[in-house]
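Colleague: What follows is query-v8.pdb, made up of PDB, C-alpha atoms:
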```pdb
MODEL        1
ATOM      1  CA  MET A   1      81.810  31.460 134.915
ATOM      2  CA  ALA A   2      81.822  35.132 133.959
ATOM      3  CA  ARG A   3      85.470  34.815 133.004
ATOM      4  CA  ARG A   4      84.783  31.945 130.616
ATOM      5  CA  THR A   5      82.008  33.944 128.926
ATOM      6  CA  ARG A   6      84.310  36.902 128.334
ATOM      7  CA  THR A   7      86.995  34.673 126.860
ATOM      8  CA  SER A   8      84.590  32.954 124.489
ATOM      9  CA  THR A   9      83.060  36.299 123.455
ATOM     10  CA  LEU A  10      86.504  37.739 122.788
ATOM     11  CA  SER A  11      87.510  34.721 120.743
ATOM     12  CA  VAL A  12      84.296  34.951 118.683
ATOM     13  CA  VAL A  13      84.908  38.654 118.002
ATOM     14  CA  LEU A  14      88.525  38.012 116.986
ATOM     15  CA  ALA A  15      87.493  35.093 114.735
ATOM     16  CA  LEU A  16      84.827  37.285 113.096
ATOM     17  CA  ALA A  17      87.348  40.104 112.527
ATOM     18  CA  ALA A  18      89.829  37.651 111.004
ATOM     19  CA  ALA A  19      87.118  36.247 108.706
ATOM     20  CA  CYS A  20      86.154  39.762 107.550
ATOM     21  CA  LEU A  21      89.799  40.619 106.878
ATOM     22  CA  LEU A  22      90.330  37.436 104.848
ATOM     23  CA  ALA A  23      87.147  38.070 102.855
ATOM     24  CA  GLN A  24      88.243  41.611 102.061
ATOM     25  CA  TRP A  25      91.693  40.438 100.954
ATOM     26  CA  ALA A  26      90.143  37.757  98.759
ATOM     27  CA  LEU A  27      87.694  40.109  97.080
ATOM     28  CA  THR A  28      90.117  42.985  96.446
ATOM     29  CA  PRO A  29      92.117  42.633  93.229
ATOM     30  CA  LEU A  30      95.861  42.908  93.757
ATOM     31  CA  SER A  31      96.463  45.451  91.014
ATOM     32  CA  ALA A  32      94.157  48.079  92.579
ATOM     33  CA  ALA A  33      95.057  47.396  96.190
ATOM     34  CA  PHE A  34      97.487  50.246  96.772
ATOM     35  CA  ILE A  35      97.908  52.209  93.551
ATOM     36  CA  SER A  36      95.413  53.447  91.053
ATOM     37  CA  PRO A  37      95.890  52.591  87.405
ATOM     38  CA  ARG A  38      97.777  55.174  85.354
ATOM     39  CA  SER A  39      95.650  57.592  83.477
ATOM     40  CA  GLU A  40      96.720  59.486  80.412
ATOM     41  CA  GLN A  41      98.250  62.760  81.536
ATOM     42  CA  LYS A  42      97.219  65.952  79.869
ATOM     43  CA  HIS A  43      99.630  68.806  79.396
ATOM     44  CA  VAL A  44      99.385  70.664  82.688
ATOM     45  CA  GLU A  45     102.766  72.345  82.414
ATOM     46  CA  VAL A  46     101.483  75.596  80.918
ATOM     47  CA  PRO A  47      98.986  76.480  83.680
ATOM     48  CA  ALA A  48     101.491  75.408  86.310
ATOM     49  CA  VAL A  49     104.166  77.644  84.818
ATOM     50  CA  LEU A  50     101.746  80.571  84.599
ATOM     51  CA  GLY A  51     100.760  80.101  88.220
ATOM     52  CA  ALA A  52     104.389  79.968  89.314
ATOM     53  CA  LEU A  53     105.213  83.095  87.307
ATOM     54  CA  ALA A  54     102.272  84.943  88.846
ATOM     55  CA  ALA A  55     103.436  84.000  92.333
ATOM     56  CA  LEU A  56     107.004  85.023  91.579
ATOM     57  CA  GLY A  57     105.883  88.264  89.990
ATOM     58  CA  THR A  58     104.159  89.392  93.157
ATOM     59  CA  SER A  59     107.178  88.549  95.247
ATOM     60  CA  LEU A  60     109.522  90.871  93.360
ATOM     61  CA  PRO A  61     110.934  93.705  95.418
ATOM     62  CA  ALA A  62     108.506  96.579  95.678
ATOM     63  CA  GLN A  63     111.277  99.120  95.150
ATOM     64  CA  ALA A  64     111.966  97.837  91.646
ATOM     65  CA  SER A  65     108.629  98.954  90.249
ATOM     66  CA  TYR A  66     107.826 102.391  91.627
ATOM     67  CA  ASN A  67     108.799 106.016  91.368
ATOM     68  CA  TRP A  68     106.823 107.433  94.253
ATOM     69  CA  VAL A  69     107.840 110.459  96.236
ATOM     70  CA  GLY A  70     106.511 110.945  99.716
ATOM     71  CA  PRO A  71     105.713 114.309 101.297
ATOM     72  CA  LEU A  72     108.841 114.158 103.476
ATOM     73  CA  THR A  73     111.223 112.580 100.955
ATOM     74  CA  GLY A  74     114.713 114.061 101.276
ATOM     75  CA  SER A  75     114.002 116.058 104.431
ATOM     76  CA  GLU A  76     116.216 116.011 107.524
ATOM     77  CA  ILE A  77     113.596 114.249 109.632
ATOM     78  CA  CYS A  78     113.865 111.192 107.380
ATOM     79  CA  ASN A  79     117.480 110.765 108.514
ATOM     80  CA  THR A  80     116.802 110.988 112.253
ATOM     81  CA  LYS A  81     116.670 107.387 113.374
ATOM     82  CA  PRO A  82     114.333 107.150 116.346
ATOM     83  CA  ILE A  83     111.554 109.193 114.784
ATOM     84  CA  VAL A  84     111.906 107.926 111.213
ATOM     85  CA  TRP A  85     110.771 104.461 112.302
ATOM     86  CA  LEU A  86     107.348 105.932 113.026
ATOM     87  CA  ILE A  87     107.053 108.034 109.867
ATOM     88  CA  TYR A  88     108.705 105.828 107.225
ATOM     89  CA  PRO A  89     105.585 105.796 104.984
ATOM     90  CA  LEU A  90     105.779 109.610 104.762
ATOM     91  CA  CYS A  91     109.459 109.483 103.785
ATOM     92  CA  ASP A  92     109.234 106.594 101.349
ATOM     93  CA  PRO A  93     105.767 105.400 100.236
ATOM     94  CA  VAL A  94     107.069 101.925  99.386
ATOM     95  CA  PHE A  95     106.671 101.161 103.073
ATOM     96  CA  LEU A  96     102.899 101.294 102.583
ATOM     97  CA  VAL A  97     103.279  97.931 100.862
ATOM     98  CA  SER A  98     104.890  96.491 103.980
ATOM     99  CA  PRO A  99     102.362  94.840 106.311
ATOM    100  CA  ILE A 100     104.265  96.158 109.328
ATOM    101  CA  TYR A 101     103.339  99.727 108.408
ATOM    102  CA  LEU A 102     100.132  99.100 106.467
ATOM    103  CA  PHE A 103      98.273  97.234 109.225
ATOM    104  CA  PRO A 104      98.384 100.043 111.823
ATOM    105  CA  ILE A 105      97.367 102.602 109.195
ATOM    106  CA  THR A 106      94.493 100.390 108.060
ATOM    107  CA  LEU A 107      93.467  99.750 111.661
ATOM    108  CA  ILE A 108      93.391 103.471 112.443
ATOM    109  CA  VAL A 109      91.424 104.354 109.283
ATOM    110  CA  PHE A 110      88.835 101.591 109.598
ATOM    111  CA  GLY A 111      88.613 101.979 113.368
ATOM    112  CA  SER A 112      87.883 105.670 113.080
ATOM    113  CA  LEU A 113      85.342 105.106 110.275
ATOM    114  CA  ILE A 114      83.508 102.444 112.260
ATOM    115  CA  THR A 115      83.500 104.610 115.376
ATOM    116  CA  VAL A 116      82.058 107.578 113.482
ATOM    117  CA  LEU A 117      79.412 105.384 111.863
ATOM    118  CA  ASN A 118      78.440 103.912 115.245
ATOM    119  CA  LEU A 119      78.036 107.399 116.677
ATOM    120  CA  LEU A 120      76.072 108.759 113.717
ATOM    121  CA  ILE A 121      73.699 105.830 113.158
ATOM    122  CA  PRO A 122      71.709 104.984 116.305
ATOM    123  CA  ALA A 123      70.647 101.587 114.933
ATOM    124  CA  THR A 124      74.209 100.314 115.261
ATOM    125  CA  GLN A 125      74.318 100.935 119.014
ATOM    126  CA  PRO A 126      73.517  98.008 121.320
ATOM    127  CA  ASP A 127      70.033  97.670 122.741
ATOM    128  CA  GLU A 128      69.730  98.771 126.376
ATOM    129  CA  ASP A 129      67.285  95.938 127.151
ATOM    130  CA  LEU A 130      69.849  93.295 126.184
ATOM    131  CA  ARG A 131      72.443  94.464 128.698
TER     132      ARG A 131
ENDMDL
END
```
Would it be possible to restate this file's structure as structure tokens?

Modeller:
Amino acid sequence: MARRTRTSTLSVVLALAAACLLAQWALTPLSAAFISPRSEQKHVEVPAVLGALAALGTSLPAQASYNWVGPLTGSEICNTKPIVWLIYPLCDPVFLVSPIYLFPITLIVFGSLITVLNLLIPATQPDEDLR
């Protein structure tokens, strides 16, 4: 008898789902079923073009817009290959724009500043009771 109850319950649930689906189809107008009605478009070309130009302007090569001279520019050490990879920003400052060289420099500067501040200001040190 338990099997018959499950079957009748399942058939009632399926019939109810089919009735809900038919009611929704009947009440939804066909024109707005999948696409929204066309609205009058405003001229959005100008802001889009300005945004694209701004993005392209920042992606120009960094070497095209600078005249910087580093402290080691033109020296012999800037031509020695194994060591120049470590000191490229001193030979040519355009490499400071490169994230490969800028991130370690930024990490060292901020890391040292935070360490000094933690040592100088006792309130930034962790509480001994919380350990």

Colleague: What is the distance, in Å and to one decimal place, between CA of Ile100 in chain A and CA of Ile87 in chain A?

Modeller: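 Taking CA of Ile100 in chain A and CA of Ile87 in chain A, their separation equals 12.2 Å.
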
Colleague: Between CA of Ala26 in chain A and CA of Val12 in chain A, what is the distance in Å, rounded to a tenth?

Modeller: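 Between CA of Ala26 in chain A and CA of Val12 in chain A the gap works out to 21.0 Å.
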
Colleague: When you look at Ser98 in chain A with a cut-off of 10 Å (counting only C-alpha atoms), what residues show up, excluding the ones that are within fewer than 4 positions of it in the same chain? I need them as number ranges by chain.

Modeller: A: 62, 89, 93-94, 102-103

Colleague: Any idea what the distance is between CA of Pro122 in chain A and CA of Leu107 in chain A?

Modeller: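 Computed distance, CA of Pro122 in chain A to CA of Leu107 in chain A, equals 22.9 Å.
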
Colleague: Hey, what's within 6 Å of range 74-82 of chain A if we count only C-alpha atoms and toss same-chain stuff fewer than 2 positions away? As a short mmCIF file (atom, residue, chain, number, x, y, z; two decimals) with C-alpha atoms, in the coordinates of the input, please?

Modeller:
```cif
data_model
loop_
_atom_site.label_atom_id
_atom_site.label_comp_id
_atom_site.auth_asym_id
_atom_site.auth_seq_id
_atom_site.Cartn_x
_atom_site.Cartn_y
_atom_site.Cartn_z
CA LEU A 72 108.84 114.16 103.48
CA VAL A 84 111.91 107.93 111.21
CA CYS A 91 109.46 109.48 103.78
#
```
